[in-house]
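Working notes, beginning with the structure itself.
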Amino acid sequence: MSKRSATRQITVTHSPGLHARPCLAIVNTVRRFRSKVKIRTSEREADAGEILHVMSLGVPQGAEVTLSASGPDAEEALDALARLFSDNFGFSD
């Protein structure tokens, strides 16, 4: 099976930004897939499968992040993450 890659630009709309619970939701989503996923801000990049790495980015509301995945299910992983971001991580703010 060939290795695939995909990239998505997403704007964080959740009003507190990426705090602990959204970061945990990102990590739990990433861990359902075999692909390696990274999350990048304009300044830094982190392994999206590691909560402390994602939290360390300190992403505020309104920031744009780039999600990139490489592996056999790269597109599916990014589709799931895009849904998670668009559903506001399950929060109603």
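For the structure tokens, the naming scheme is as follows: chains receive sequential letters (A, B, ...) according to their order of presentation, residues are indexed from 1 within each chain, and ligands are indexed from 1 in presentation order.
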Find the spatial neighbours of Ser68 of chain A, counting only C-alpha atoms, within a cut-off of 10 Å - ignore same-chain residues fewer than 5 positions away - and output them as a list in words.
Ser5, Ala6, Thr7, Arg8, Gln9, Ser35, Lys36, Val37, Lys38, Ile39, Arg40, Asp47, Ala48, Ala74, Glu75, Ala77 and Leu78 of chain A
Run DSSP on the backbone and grab whatever in segment 51-80 of chain A lands in alpha helix (DSSP H); send it over as a ChimeraX atom specification.
/A:51-56,74-80
Any idea what's packed within 10 Å of Arg32 of chain A, counting only C-alpha atoms, ignoring anything in its chain fewer than 5 positions away? Could you give it as a PDB file with N, CA and C atoms, in the first residue's frame?
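Final output, around_39.pdb:
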ATOM      1  N   VAL A  27      -6.429  14.609  19.819  1.00  0.00           N
ATOM      2  CA  VAL A  27      -5.554  13.447  20.021  1.00  0.00           C
ATOM      3  C   VAL A  27      -6.342  12.143  19.893  1.00  0.00           C
ATOM      4  N   GLY A  49      -0.922  13.682  17.688  1.00  0.00           N
ATOM      5  CA  GLY A  49      -1.256  12.503  18.478  1.00  0.00           C
ATOM      6  C   GLY A  49      -0.763  12.592  19.918  1.00  0.00           C
ATOM      7  N   ALA A  77      -8.338  10.681   8.030  1.00  0.00           N
ATOM      8  CA  ALA A  77      -7.962  11.306   9.300  1.00  0.00           C
ATOM      9  C   ALA A  77      -8.251  12.796   9.267  1.00  0.00           C
ATOM     10  N   ALA A  80     -12.013  13.528   9.417  1.00  0.00           N
ATOM     11  CA  ALA A  80     -12.521  13.408  10.789  1.00  0.00           C
ATOM     12  C   ALA A  80     -12.142  14.628  11.624  1.00  0.00           C
TER      13      ALA A  80
END
Which residue is closest to Phe91 of chain A? Choose from A:Val59, A:Ala69, A:Val54, A:Thr13 and count only C-alpha atoms.
A:Thr13
Please provide as a ChimeraX atom specification all residues within 6 Å of segment 15-22 of chain A, with the sequence filter that same-chain residues fewer than 3 positions apart are discarded (counting only C-alpha atoms).
/A:25,59-61,89
Based on the selection just made, write C-alpha atoms of those residues as a short mmCIF file (atom, residue, chain, number, x, y, z; two decimals), in the first residue's frame.
data_model
loop_
_atom_site.label_atom_id
_atom_site.label_comp_id
_atom_site.auth_asym_id
_atom_site.auth_seq_id
_atom_site.Cartn_x
_atom_site.Cartn_y
_atom_site.Cartn_z
CA ALA A 25 -10.52 15.42 21.32
CA VAL A 59 -3.80 28.21 19.61
CA PRO A 60 -6.35 31.01 20.21
CA GLN A 61 -9.77 31.49 18.62
CA PHE A 89 -15.32 19.93 19.47
#
Out of A:Cys23, A:His53, A:Ala63, A:Ser42, which residue has the shortest atom-to-atom distance to Leu81 of chain A when counting only C-alpha atoms?
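Looking only at the distances to Leu81 of chain A, the closest residue turns out to be A:Cys23.
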Option closest in space to Val65 of chain A, from A:Ile51, A:Val30, A:Leu24, A:Ala46 [counting only C-alpha atoms]:
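The shortest atom-to-atom distance to Val65 of chain A comes from A:Ala46.
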Could you tell me how far atom CA of Glu43 of chain A lies from atom CA of Asp79 of chain A, in Å and to one decimal?
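Between atom CA of Glu43 of chain A and atom CA of Asp79 of chain A the gap works out to 23.8 Å.
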Could you please determine the separation between atom CA of Met55 of chain A and atom CA of Asp73 of chain A in Å, to one decimal place?
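Interatomic distance here is 24.2 Å.
Of all the residues in chain A, the ones DSSP labels as strand (DSSP E or B) from the backbone are Arg4, Ser5, Ala6, Thr7, Arg8, Gln9, Ile10, Thr11, Lys36, Val37, Lys38, Ile39, Arg40, Glu45, Ala46, Asp47, Glu64, Val65, Thr66, Leu67, Ser68, Ala69, Ser70 and Gly71 of chain A.
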Mind writing the picked residues with N, CA and C atoms as an mmCIF file, in the first residue's frame?
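Generated file (part09.cif):
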data_model
loop_
_atom_site.group_PDB
_atom_site.id
_atom_site.type_symbol
_atom_site.label_atom_id
_atom_site.label_comp_id
_atom_site.auth_asym_id
_atom_site.auth_seq_id
_atom_site.Cartn_x
_atom_site.Cartn_y
_atom_site.Cartn_z
ATOM 1 N N ARG A 4 0.183 7.867 1.483
ATOM 2 C CA ARG A 4 -0.502 9.043 0.956
ATOM 3 C C ARG A 4 -0.309 10.209 1.914
ATOM 4 N N SER A 5 -0.506 11.410 1.399
ATOM 5 C CA SER A 5 -0.437 12.579 2.266
ATOM 6 C C SER A 5 -1.554 13.541 1.890
ATOM 7 N N ALA A 6 -1.943 14.362 2.870
ATOM 8 C CA ALA A 6 -3.007 15.336 2.669
ATOM 9 C C ALA A 6 -2.769 16.503 3.617
ATOM 10 N N THR A 7 -3.311 17.658 3.250
ATOM 11 C CA THR A 7 -3.159 18.867 4.054
ATOM 12 C C THR A 7 -4.479 19.631 4.053
ATOM 13 N N ARG A 8 -4.806 20.243 5.178
ATOM 14 C CA ARG A 8 -6.004 21.089 5.292
ATOM 15 C C ARG A 8 -5.688 22.334 6.103
ATOM 16 N N GLN A 9 -6.265 23.453 5.700
ATOM 17 C CA GLN A 9 -6.199 24.697 6.463
ATOM 18 C C GLN A 9 -7.528 24.821 7.215
ATOM 19 N N ILE A 10 -7.460 25.084 8.505
ATOM 20 C CA ILE A 10 -8.666 25.199 9.317
ATOM 21 C C ILE A 10 -8.526 26.394 10.245
ATOM 22 N N THR A 11 -9.613 27.143 10.398
ATOM 23 C CA THR A 11 -9.644 28.255 11.343
ATOM 24 C C THR A 11 -10.304 27.782 12.627
ATOM 25 N N LYS A 36 0.177 9.436 10.385
ATOM 26 C CA LYS A 36 0.848 10.389 11.276
ATOM 27 C C LYS A 36 0.284 11.768 10.947
ATOM 28 N N VAL A 37 -0.196 12.478 11.971
ATOM 29 C CA VAL A 37 -0.816 13.783 11.756
ATOM 30 C C VAL A 37 -0.044 14.857 12.511
ATOM 31 N N LYS A 38 0.166 15.978 11.839
ATOM 32 C CA LYS A 38 0.835 17.139 12.451
ATOM 33 C C LYS A 38 -0.123 18.315 12.396
ATOM 34 N N ILE A 39 -0.002 19.191 13.386
ATOM 35 C CA ILE A 39 -0.763 20.438 13.411
ATOM 36 C C ILE A 39 0.255 21.571 13.478
ATOM 37 N N ARG A 40 0.061 22.566 12.606
ATOM 38 C CA ARG A 40 1.051 23.644 12.502
ATOM 39 C C ARG A 40 0.363 25.000 12.596
ATOM 40 N N GLU A 45 5.077 23.693 14.985
ATOM 41 C CA GLU A 45 4.432 22.463 14.540
ATOM 42 C C GLU A 45 4.461 21.455 15.674
ATOM 43 N N ALA A 46 3.401 20.624 15.757
ATOM 44 C CA ALA A 46 3.327 19.619 16.814
ATOM 45 C C ALA A 46 2.755 18.317 16.275
ATOM 46 N N ASP A 47 3.092 17.236 16.945
ATOM 47 C CA ASP A 47 2.518 15.921 16.674
ATOM 48 C C ASP A 47 1.090 15.941 17.219
ATOM 49 N N GLU A 64 -5.474 30.351 12.354
ATOM 50 C CA GLU A 64 -5.535 29.349 11.296
ATOM 51 C C GLU A 64 -4.447 28.322 11.554
ATOM 52 N N VAL A 65 -4.825 27.053 11.463
ATOM 53 C CA VAL A 65 -3.851 25.975 11.626
ATOM 54 C C VAL A 65 -3.830 25.145 10.348
ATOM 55 N N THR A 66 -2.713 24.503 10.128
ATOM 56 C CA THR A 66 -2.572 23.586 9.007
ATOM 57 C C THR A 66 -2.451 22.185 9.572
ATOM 58 N N LEU A 67 -3.336 21.313 9.133
ATOM 59 C CA LEU A 67 -3.276 19.911 9.516
ATOM 60 C C LEU A 67 -2.686 19.154 8.342
ATOM 61 N N SER A 68 -1.699 18.307 8.616
ATOM 62 C CA SER A 68 -1.119 17.494 7.556
ATOM 63 C C SER A 68 -1.022 16.064 8.051
ATOM 64 N N ALA A 69 -1.302 15.140 7.151
ATOM 65 C CA ALA A 69 -1.269 13.728 7.508
ATOM 66 C C ALA A 69 -0.550 12.959 6.418
ATOM 67 N N SER A 70 0.163 11.924 6.837
ATOM 68 C CA SER A 70 0.778 11.024 5.872
ATOM 69 C C SER A 70 0.589 9.601 6.370
ATOM 70 N N GLY A 71 0.157 8.757 5.457
ATOM 71 C CA GLY A 71 -0.103 7.366 5.794
ATOM 72 C C GLY A 71 -1.263 6.835 4.976
#
What is the distance between atom CA of Thr41 of chain A and atom CA of Glu76 of chain A, in Å to one decimal?
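These atoms are spaced 21.4 Å apart.
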